[in-house]
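**Q** Submitted below is the structure of interest, expressed as structure tokens.
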Amino acid sequence: MPANGQLWKPEEDPLIEFDVNRDGALDLQEFRALCEKLFGSEEVEKHEDAVKEIFQIFDTDGDDLLTGEEWTRCNEKWVAVVASPVNALLVVDVQNDFIDGTIALRDCGKGEDGADVVEPINRLVKEGDWHKIIYSLDWHPEDHIGFYHNLSMRELHPDSKVSKEEAKLFDTVIFFDPHLEQRLWPRHCVMDSWGAQLHKDLIVASGSAQVRKGQNPDMETYSVFFDNNAVNSTELLDILRDDDVTDVYVCGLAYDICVRATCLDGLRLGYRLAVIDDCCRGVDPDDIAKTRDEISDKGGFLAKSDDVLSLVNGQKRSLIMARQGARNLLKNSSGDPTD
């Protein structure tokens with residue numbers, strides 16, 4: 001299997017190795033051979049469509065050759081990242097209240113149990129070669145807008161389909177000021193409470209970082225990147241940028257809410273991103289299935305923990321994540337407003 005790390009010396013140009021006909025360019029078949037070295041023949045055969053798409057992204061003049069500036073950009077911006085990614089593990093909200101407390105997933109009656117993620121996440125922490133590990137925590141004030149018992153503190157908008165008198169736990173209402181749609185949750189993860197603490201059995205890695213989200217009483221924050229109005233960001237962006245992270249692996253609770261929002265934001269921001277399926281649990285299995293589809297449709301990689309350890313420890317690479325990296329470069333070059 002291919003291994004992460006240096007495949008060519010800094011002074012070497014991979015084009016020389018794969019330019020079989022010595023025309024100073026790579027055609028699709030020669031590029032495919034390069035991909036086999038990077039990803040292995042099995043991965044290439046499994047994702048032939050991804051190989052072709054990546055080639056076409058860099059073949060900007062459509063002449064079926066990567067040459068000159070096309071190859072330079074491919075080599076420096078794509079091959080280099082594929083060969084030597086900077087990997088971060090993002091552990092989302094593995095806190096007492098979601099496992100044993102006021103909003104325990106097992107109490108939702110859908111067969112999900114937040115405790116199931118602790119052991120496999122601990123294995124990733126212990127066995128993975130991570131550049132950075134980040135833990136997020138819901139960290140709410142007592143008067144947070146998302147708490148059902150605080151409903152009386154704010155006025156509802158006339159457009160709200162549910163009135164204060166009719167509203168029940170887990171209903172969605174529309175507040176007047178701030179004007180936002182909000183699902184009503186049990187009181188949970190209140191700042192400095194037992195429920196807000198990371199679960200006692202979760203390994204907190206030495207040198208890791210923690211991001212506390214949802215501290216604004218008037219705004220919900222599902223994603224670890226941004227609050228729900230997609231305006232105010234957390235310190236996660238600075239952490240990832242300071243460490244030059246290229247690949248983000250996401251796991252934790254709840255799959256169909258905070259993990260979902262985090263993954264979609266991470267993909268929108270241009271990270272090569274994987275969600276670690278067996279290290280996530282959610283509220284509703286049907287919504288979890290939709291979440292998987294959403295992440296996959298946006299280019300994210302649906303991974304198992306064994307796959308992830310192979311990726312971050314250098315035994316193999318993912319063509320799905322590499323394709324996402326190429327798509328991000330295409331968006332950047334076209335001035336896509338989501339970047």
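Chain lettering (A, B, ...) mirrors the order of the structure tokens, residue numbering begins at 1 for each chain separately, and ligand numbering begins at 1 in order of display.
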Once DSSP has gone over the backbone, tell me which residues of stretch 148-231 of chain A are in strand (DSSP E), as a list of chain:residue names.
**A**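 So, restricting stretch 148-231 of chain A to strand (DSSP E), we get A:Thr172, A:Val173, A:Ile174, A:Phe175, A:Leu180, A:Glu181, A:Gln182, A:Arg183, A:Ala209, A:Gln210, A:Val211, A:Arg212, A:Lys213.
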**Q** Output N, CA, C and O atoms for every residue in that selection, as a CSV table (one decimal), in the first residue's frame.
**A**
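Generated file (part.csv):
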chain,number,residue,atom,x,y,z
A,172,THR,N,-40.3,23.2,16.8
A,172,THR,CA,-39.6,24.3,16.2
A,172,THR,C,-40.4,25.6,16.1
A,172,THR,O,-41.6,25.5,15.7
A,173,VAL,N,-39.9,26.7,16.7
A,173,VAL,CA,-40.6,27.9,16.7
A,173,VAL,C,-39.8,29.0,15.9
A,173,VAL,O,-38.6,28.8,15.6
A,174,ILE,N,-40.4,30.2,15.7
A,174,ILE,CA,-39.7,31.3,15.1
A,174,ILE,C,-39.7,32.4,16.1
A,174,ILE,O,-40.8,32.9,16.4
A,175,PHE,N,-38.6,32.9,16.5
A,175,PHE,CA,-38.6,34.0,17.5
A,175,PHE,C,-38.6,35.3,16.7
A,175,PHE,O,-38.2,35.5,15.5
A,180,LEU,N,-35.2,34.3,14.3
A,180,LEU,CA,-34.6,33.0,13.9
A,180,LEU,C,-35.5,31.9,14.2
A,180,LEU,O,-36.4,31.9,15.1
A,181,GLU,N,-35.3,30.8,13.4
A,181,GLU,CA,-36.0,29.5,13.6
A,181,GLU,C,-35.2,28.7,14.6
A,181,GLU,O,-34.0,28.6,14.5
A,182,GLN,N,-35.9,28.1,15.6
A,182,GLN,CA,-35.2,27.5,16.7
A,182,GLN,C,-36.0,26.2,17.1
A,182,GLN,O,-37.2,26.3,17.4
A,183,ARG,N,-35.2,25.1,17.2
A,183,ARG,CA,-35.8,23.9,17.8
A,183,ARG,C,-35.6,24.0,19.3
A,183,ARG,O,-34.6,24.5,19.8
A,209,ALA,N,-6.7,20.8,21.9
A,209,ALA,CA,-7.4,22.1,22.0
A,209,ALA,C,-8.9,21.8,22.3
A,209,ALA,O,-9.4,20.8,22.0
A,210,GLN,N,-9.5,22.8,23.0
A,210,GLN,CA,-11.0,22.7,23.2
A,210,GLN,C,-11.7,24.0,22.7
A,210,GLN,O,-11.1,25.1,22.9
A,211,VAL,N,-12.8,23.8,22.1
A,211,VAL,CA,-13.6,24.9,21.5
A,211,VAL,C,-15.0,24.8,22.2
A,211,VAL,O,-15.7,23.8,22.1
A,212,ARG,N,-15.3,25.9,22.9
A,212,ARG,CA,-16.6,26.0,23.5
A,212,ARG,C,-17.6,26.8,22.7
A,212,ARG,O,-17.3,28.0,22.3
A,213,LYS,N,-18.7,26.2,22.4
A,213,LYS,CA,-19.7,26.9,21.4
A,213,LYS,C,-21.0,27.1,22.1
A,213,LYS,O,-21.4,26.4,23.0
**Q** Per residue of stretch 176-289 of chain A within 6 Å of stretch 138-152 of chain A, record the nearest atom pair and its distance in Å to one decimal, counting only C-alpha atoms, with rows in chain order and ascending residue number, as CSV.
**A**
residue,atom,partner,partner_atom,distance
A:Leu184,CA,A:Tyr148,CA,4.8
A:Trp185,CA,A:Phe147,CA,5.0
A:Pro186,CA,A:Phe147,CA,5.6
A:Arg187,CA,A:Phe147,CA,5.2
A:Cys189,CA,A:Trp139,CA,5.6
A:Val190,CA,A:His140,CA,4.7
A:Met191,CA,A:Trp139,CA,5.0
A:Arg212,CA,A:Trp139,CA,5.6
A:Lys213,CA,A:Asp138,CA,5.2
A:Gly214,CA,A:His140,CA,5.4
A:Gln215,CA,A:His140,CA,4.9
A:Pro217,CA,A:His144,CA,4.2
A:Asp218,CA,A:Ile145,CA,5.3
**Q** Determine, counting only C-alpha atoms, which protein, DNA and RNA residues have an atom within 12 Å of an atom of A:Ser318; residues of the same chain fewer than 3 positions away are not included. Present the result as a VMD selection string.
**A** chain A and resid 1 to 4 35 to 36 38 to 44 46 to 47 50 to 51 81 to 83 85 247 272 to 274 299 to 303 307 to 312 314 to 315 321 to 325
**Q** Keeping only N, CA and C atoms, write the selected residues to a file as a CSV table (one decimal), in the first residue's frame.
**A**
chain,number,residue,atom,x,y,z
A,1,MET,N,0.8,-1.2,0.0
A,1,MET,CA,0.0,0.0,0.0
A,1,MET,C,0.9,1.2,0.0
A,2,PRO,N,0.4,2.3,-0.6
A,2,PRO,CA,1.2,3.6,-0.6
A,2,PRO,C,1.2,4.1,0.8
A,3,ALA,N,2.3,4.9,1.1
A,3,ALA,CA,2.4,5.4,2.5
A,3,ALA,C,2.5,6.9,2.4
A,4,ASN,N,1.9,7.6,3.4
A,4,ASN,CA,2.0,9.1,3.4
A,4,ASN,C,3.5,9.4,3.6
A,35,CYS,N,-1.7,8.3,-10.1
A,35,CYS,CA,-2.7,8.1,-9.0
A,35,CYS,C,-2.5,6.7,-8.4
A,36,GLU,N,-2.1,5.7,-9.2
A,36,GLU,CA,-1.9,4.4,-8.7
A,36,GLU,C,-0.7,4.4,-7.7
A,38,LEU,N,0.1,7.0,-5.9
A,38,LEU,CA,-0.4,7.7,-4.7
A,38,LEU,C,-1.4,7.0,-3.9
A,39,PHE,N,-2.3,6.3,-4.5
A,39,PHE,CA,-3.5,5.7,-3.9
A,39,PHE,C,-3.5,4.2,-3.9
A,40,GLY,N,-2.8,3.6,-4.8
A,40,GLY,CA,-2.8,2.1,-5.0
A,40,GLY,C,-3.8,1.7,-6.0
A,41,SER,N,-3.6,0.6,-6.7
A,41,SER,CA,-4.4,0.3,-7.9
A,41,SER,C,-5.8,-0.1,-7.5
A,42,GLU,N,-6.0,-0.6,-6.3
A,42,GLU,CA,-7.4,-1.0,-5.9
A,42,GLU,C,-8.2,0.3,-5.7
A,43,GLU,N,-7.7,1.3,-5.1
A,43,GLU,CA,-8.4,2.5,-4.9
A,43,GLU,C,-8.7,3.2,-6.2
A,44,VAL,N,-7.8,3.2,-7.1
A,44,VAL,CA,-8.0,3.8,-8.4
A,44,VAL,C,-9.1,3.0,-9.2
A,46,LYS,N,-11.5,1.4,-8.0
A,46,LYS,CA,-12.8,1.6,-7.4
A,46,LYS,C,-13.3,3.0,-7.7
A,47,HIS,N,-12.5,3.9,-8.0
A,47,HIS,CA,-12.9,5.3,-8.2
A,47,HIS,C,-12.3,5.9,-9.5
A,50,ALA,N,-13.4,9.4,-10.2
A,50,ALA,CA,-12.7,10.5,-9.5
A,50,ALA,C,-11.4,10.8,-10.2
A,51,VAL,N,-10.7,9.8,-10.7
A,51,VAL,CA,-9.4,10.1,-11.4
A,51,VAL,C,-9.6,11.0,-12.6
A,81,VAL,N,-0.2,17.9,-1.3
A,81,VAL,CA,-1.2,17.7,-0.2
A,81,VAL,C,-1.6,16.3,0.0
A,82,VAL,N,-1.8,15.6,-1.2
A,82,VAL,CA,-2.1,14.2,-1.1
A,82,VAL,C,-1.0,13.4,-0.5
A,83,ALA,N,0.2,13.7,-0.8
A,83,ALA,CA,1.4,13.0,-0.3
A,83,ALA,C,1.6,13.2,1.1
A,85,PRO,N,-0.5,15.1,3.9
A,85,PRO,CA,-1.6,15.8,4.5
A,85,PRO,C,-1.3,16.2,6.0
A,247,ASP,N,-6.7,18.2,6.3
A,247,ASP,CA,-7.7,17.1,6.4
A,247,ASP,C,-8.3,17.1,7.8
A,272,ARG,N,-10.5,19.1,3.1
A,272,ARG,CA,-10.7,17.7,2.8
A,272,ARG,C,-11.2,17.0,4.1
A,273,LEU,N,-12.4,16.5,4.0
A,273,LEU,CA,-13.1,16.1,5.3
A,273,LEU,C,-13.7,14.7,5.2
A,274,ALA,N,-13.6,14.0,6.3
A,274,ALA,CA,-14.2,12.7,6.5
A,274,ALA,C,-15.0,12.7,7.8
A,299,GLY,N,-19.2,15.9,-1.2
A,299,GLY,CA,-17.8,15.5,-1.4
A,299,GLY,C,-17.1,14.9,-0.2
A,300,GLY,N,-17.8,14.8,0.9
A,300,GLY,CA,-17.1,14.3,2.1
A,300,GLY,C,-17.0,12.8,2.0
A,301,PHE,N,-16.1,12.3,2.8
A,301,PHE,CA,-15.8,10.8,2.8
A,301,PHE,C,-16.4,10.2,4.0
A,302,LEU,N,-17.3,9.2,3.8
A,302,LEU,CA,-17.9,8.4,4.9
A,302,LEU,C,-16.9,7.3,5.2
A,303,ALA,N,-16.3,7.4,6.4
A,303,ALA,CA,-15.2,6.5,6.7
A,303,ALA,C,-15.6,5.6,8.0
A,307,ASP,N,-10.5,2.5,8.6
A,307,ASP,CA,-10.0,3.2,7.4
A,307,ASP,C,-9.2,4.4,7.8
A,308,VAL,N,-9.8,5.2,8.8
A,308,VAL,CA,-9.2,6.4,9.2
A,308,VAL,C,-7.8,6.2,9.8
A,309,LEU,N,-7.6,5.1,10.6
A,309,LEU,CA,-6.3,4.8,11.1
A,309,LEU,C,-5.3,4.5,10.0
A,310,SER,N,-5.8,3.8,9.0
A,310,SER,CA,-4.9,3.5,7.9
A,310,SER,C,-4.5,4.7,7.1
A,311,LEU,N,-5.4,5.7,7.0
A,311,LEU,CA,-5.1,6.9,6.3
A,311,LEU,C,-4.2,7.8,7.1
A,312,VAL,N,-4.4,8.0,8.4
A,312,VAL,CA,-3.6,9.0,9.1
A,312,VAL,C,-2.3,8.4,9.5
A,314,GLY,N,-0.6,6.4,7.5
A,314,GLY,CA,0.3,6.3,6.3
A,314,GLY,C,0.2,5.0,5.5
A,315,GLN,N,-0.8,4.1,5.8
A,315,GLN,CA,-0.9,2.9,5.0
A,315,GLN,C,-1.6,3.1,3.7
A,321,MET,N,-11.3,11.9,-0.7
A,321,MET,CA,-10.8,13.1,-0.1
A,321,MET,C,-9.9,13.9,-1.1
A,322,ALA,N,-9.2,13.2,-1.9
A,322,ALA,CA,-8.3,13.9,-2.9
A,322,ALA,C,-9.2,14.6,-3.9
A,323,ARG,N,-10.3,14.0,-4.3
A,323,ARG,CA,-11.2,14.6,-5.3
A,323,ARG,C,-11.8,15.9,-4.7
A,324,GLN,N,-12.1,15.8,-3.4
A,324,GLN,CA,-12.6,17.0,-2.7
A,324,GLN,C,-11.6,18.1,-2.7
A,325,GLY,N,-10.3,17.8,-2.5
A,325,GLY,CA,-9.3,18.8,-2.6
A,325,GLY,C,-9.2,19.4,-3.9
**Q** Which residues, written as a PyMOL selection string, have at least one atom at most 12 Å from A:Arg327, with only C-alpha atoms counted and residues fewer than 2 positions away on the same chain left out?
**A** chain A and resi 50+53-58+74+77-78+267-272+298-300+320-325+329-334+336+339
**Q** Can you tell me which residues surround A:Val94 at a distance of at most 9 Å, considering only C-alpha atoms, apart from same-chain residues fewer than 2 positions away, and format the answer as a list in words?
**A**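 Listed by chain and then number, they are Val91, Val92, Asn96, Asp97, Phe98, Ile99, Gly114, Ala115, Val117, Val118, Tyr135, Ser136, Leu137, Gln197, Leu198, His199, Leu202, Gly252, Leu253 and Ala254 of chain A.
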**Q** Between A:Arg281, A:Asp93, A:Lys304, A:Glu294, which one has atoms that come closest to A:Val224, using only C-alpha atoms?
**A**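 Using only C-alpha atoms, A:Val224 sits closest to A:Asp93.
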**Q** From a DSSP calculation on the backbone, collect every residue of stretch 35-268 of chain A in helix (DSSP H, G or I) and output the set as a ChimeraX atom specification.
**A** /A:35-39,41-46,48-58,69-83,96-99,105-108,114-127,148-153,194-196,236-242,255-268
**Q** Report as a PDB file with all heavy atoms, in the first residue's frame all protein, DNA and RNA residues lying within 8 Å of A:Asn87, evaluated on only C-alpha atoms, omitting residues in the same chain fewer than 2 positions from it.
**A**
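To be explicit, this is the file written out as part_38.pdb:
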ATOM      1  N   PRO A  85      -0.492  15.053   3.892  1.00  0.00           N
ATOM      2  CA  PRO A  85      -1.596  15.801   4.507  1.00  0.00           C
ATOM      3  C   PRO A  85      -1.280  16.161   5.957  1.00  0.00           C
ATOM      4  O   PRO A  85      -0.439  15.521   6.603  1.00  0.00           O
ATOM      5  CB  PRO A  85      -2.764  14.818   4.432  1.00  0.00           C
ATOM      6  CG  PRO A  85      -2.113  13.473   4.473  1.00  0.00           C
ATOM      7  CD  PRO A  85      -0.820  13.628   3.714  1.00  0.00           C
ATOM      8  N   LEU A  89      -8.108  15.598  14.144  1.00  0.00           N
ATOM      9  CA  LEU A  89      -9.281  14.870  14.631  1.00  0.00           C
ATOM     10  C   LEU A  89     -10.146  15.857  15.399  1.00  0.00           C
ATOM     11  O   LEU A  89      -9.686  16.494  16.353  1.00  0.00           O
ATOM     12  CB  LEU A  89      -8.863  13.721  15.545  1.00  0.00           C
ATOM     13  CG  LEU A  89     -10.008  12.923  16.191  1.00  0.00           C
ATOM     14  CD1 LEU A  89     -10.819  12.182  15.138  1.00  0.00           C
ATOM     15  CD2 LEU A  89      -9.462  11.942  17.227  1.00  0.00           C
ATOM     16  N   TRP A 130      -1.946  11.935  14.753  1.00  0.00           N
ATOM     17  CA  TRP A 130      -2.655  13.197  14.526  1.00  0.00           C
ATOM     18  C   TRP A 130      -1.730  14.384  14.711  1.00  0.00           C
ATOM     19  O   TRP A 130      -0.958  14.428  15.672  1.00  0.00           O
ATOM     20  CB  TRP A 130      -3.831  13.328  15.491  1.00  0.00           C
ATOM     21  CG  TRP A 130      -4.812  12.214  15.378  1.00  0.00           C
ATOM     22  CD1 TRP A 130      -4.955  11.139  16.208  1.00  0.00           C
ATOM     23  CD2 TRP A 130      -5.786  12.045  14.336  1.00  0.00           C
ATOM     24  NE1 TRP A 130      -5.961  10.323  15.760  1.00  0.00           N
ATOM     25  CE2 TRP A 130      -6.483  10.843  14.611  1.00  0.00           C
ATOM     26  CE3 TRP A 130      -6.134  12.788  13.213  1.00  0.00           C
ATOM     27  CZ2 TRP A 130      -7.504  10.373  13.804  1.00  0.00           C
ATOM     28  CZ3 TRP A 130      -7.151  12.326  12.393  1.00  0.00           C
ATOM     29  CH2 TRP A 130      -7.823  11.137  12.701  1.00  0.00           C
ATOM     30  N   HIS A 131      -1.852  15.356  13.820  1.00  0.00           N
ATOM     31  CA  HIS A 131      -1.122  16.603  14.016  1.00  0.00           C
ATOM     32  C   HIS A 131      -1.807  17.441  15.086  1.00  0.00           C
ATOM     33  O   HIS A 131      -1.139  18.127  15.862  1.00  0.00           O
ATOM     34  CB  HIS A 131      -1.056  17.385  12.699  1.00  0.00           C
ATOM     35  CG  HIS A 131      -0.216  18.618  12.786  1.00  0.00           C
ATOM     36  ND1 HIS A 131       1.142  18.596  12.626  1.00  0.00           N
ATOM     37  CD2 HIS A 131      -0.540  19.911  13.041  1.00  0.00           C
ATOM     38  CE1 HIS A 131       1.628  19.816  12.760  1.00  0.00           C
ATOM     39  NE2 HIS A 131       0.629  20.632  13.022  1.00  0.00           N
ATOM     40  N   LYS A 132      -3.153  17.367  15.120  1.00  0.00           N
ATOM     41  CA  LYS A 132      -3.911  18.134  16.104  1.00  0.00           C
ATOM     42  C   LYS A 132      -5.187  17.387  16.456  1.00  0.00           C
ATOM     43  O   LYS A 132      -5.826  16.790  15.584  1.00  0.00           O
ATOM     44  CB  LYS A 132      -4.283  19.516  15.532  1.00  0.00           C
ATOM     45  CG  LYS A 132      -4.775  20.511  16.575  1.00  0.00           C
ATOM     46  CD  LYS A 132      -3.633  20.986  17.456  1.00  0.00           C
ATOM     47  CE  LYS A 132      -4.074  22.050  18.442  1.00  0.00           C
ATOM     48  NZ  LYS A 132      -2.948  22.516  19.284  1.00  0.00           N
ATOM     49  N   VAL A 245      -3.713  22.796   8.808  1.00  0.00           N
ATOM     50  CA  VAL A 245      -4.457  21.541   8.652  1.00  0.00           C
ATOM     51  C   VAL A 245      -5.079  21.478   7.260  1.00  0.00           C
ATOM     52  O   VAL A 245      -5.676  22.450   6.781  1.00  0.00           O
ATOM     53  CB  VAL A 245      -5.538  21.417   9.740  1.00  0.00           C
ATOM     54  CG1 VAL A 245      -6.503  20.275   9.432  1.00  0.00           C
ATOM     55  CG2 VAL A 245      -4.886  21.213  11.111  1.00  0.00           C
ATOM     56  N   THR A 246      -4.943  20.334   6.616  1.00  0.00           N
ATOM     57  CA  THR A 246      -5.566  20.106   5.313  1.00  0.00           C
ATOM     58  C   THR A 246      -6.743  19.145   5.395  1.00  0.00           C
ATOM     59  O   THR A 246      -7.708  19.283   4.645  1.00  0.00           O
ATOM     60  CB  THR A 246      -4.539  19.526   4.321  1.00  0.00           C
ATOM     61  OG1 THR A 246      -4.047  18.259   4.826  1.00  0.00           O
ATOM     62  CG2 THR A 246      -3.372  20.476   4.120  1.00  0.00           C
ATOM     63  N   ASP A 247      -6.668  18.165   6.308  1.00  0.00           N
ATOM     64  CA  ASP A 247      -7.661  17.096   6.388  1.00  0.00           C
ATOM     65  C   ASP A 247      -8.296  17.087   7.773  1.00  0.00           C
ATOM     66  O   ASP A 247      -7.580  17.008   8.784  1.00  0.00           O
ATOM     67  CB  ASP A 247      -7.015  15.740   6.129  1.00  0.00           C
ATOM     68  CG  ASP A 247      -6.532  15.578   4.695  1.00  0.00           C
ATOM     69  OD1 ASP A 247      -6.299  16.609   4.031  1.00  0.00           O
ATOM     70  OD2 ASP A 247      -6.374  14.424   4.251  1.00  0.00           O
ATOM     71  N   VAL A 248      -9.637  17.134   7.811  1.00  0.00           N
ATOM     72  CA  VAL A 248     -10.358  17.150   9.080  1.00  0.00           C
ATOM     73  C   VAL A 248     -11.217  15.896   9.170  1.00  0.00           C
ATOM     74  O   VAL A 248     -12.031  15.617   8.282  1.00  0.00           O
ATOM     75  CB  VAL A 248     -11.241  18.404   9.207  1.00  0.00           C
ATOM     76  CG1 VAL A 248     -12.005  18.390  10.526  1.00  0.00           C
ATOM     77  CG2 VAL A 248     -10.392  19.671   9.099  1.00  0.00           C
ATOM     78  N   TYR A 249     -11.043  15.141  10.249  1.00  0.00           N
ATOM     79  CA  TYR A 249     -11.805  13.928  10.511  1.00  0.00           C
ATOM     80  C   TYR A 249     -12.750  14.209  11.679  1.00  0.00           C
ATOM     81  O   TYR A 249     -12.308  14.544  12.779  1.00  0.00           O
ATOM     82  CB  TYR A 249     -10.876  12.766  10.850  1.00  0.00           C
ATOM     83  CG  TYR A 249     -10.014  12.332   9.690  1.00  0.00           C
ATOM     84  CD1 TYR A 249      -8.830  13.001   9.373  1.00  0.00           C
ATOM     85  CD2 TYR A 249     -10.384  11.251   8.896  1.00  0.00           C
ATOM     86  CE1 TYR A 249      -8.041  12.600   8.303  1.00  0.00           C
ATOM     87  CE2 TYR A 249      -9.608  10.843   7.825  1.00  0.00           C
ATOM     88  CZ  TYR A 249      -8.433  11.519   7.535  1.00  0.00           C
ATOM     89  OH  TYR A 249      -7.664  11.123   6.475  1.00  0.00           O
ATOM     90  N   VAL A 312      -4.436   8.029   8.374  1.00  0.00           N
ATOM     91  CA  VAL A 312      -3.603   8.971   9.121  1.00  0.00           C
ATOM     92  C   VAL A 312      -2.266   8.352   9.543  1.00  0.00           C
ATOM     93  O   VAL A 312      -1.319   9.079   9.830  1.00  0.00           O
ATOM     94  CB  VAL A 312      -4.344   9.535  10.350  1.00  0.00           C
ATOM     95  CG1 VAL A 312      -5.617  10.245   9.921  1.00  0.00           C
ATOM     96  CG2 VAL A 312      -4.630   8.470  11.384  1.00  0.00           C
TER      97      VAL A 312
END
**Q** For a test of reading the model, state the distance in Å between atom CA of A:Asp277 and atom CA of A:Glu235, rounded to one decimal.
**A** 25.1 Å
**Q** How far is it from atom CA of A:Asp306 to atom CA of A:Tyr255, in Å with one decimal?
**A**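 Atom CA of A:Asp306 sits 18.8 Å away from atom CA of A:Tyr255.
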**Q** Please compute the atom CA of A:Val79-atom CA of A:Asp27 distance, one decimal, in Å.
**A**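 Computing the Euclidean distance for atom CA of A:Val79 and atom CA of A:Asp27 yields 15.8 Å.
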**Q** Find the spatial neighbours of A:Leu65, counting only C-alpha atoms, within a cut-off of 8 Å - ignore same-chain residues fewer than 2 positions away - and output them as a PyMOL selection string.
**A** chain A and resi 25-28+59+62-63+67
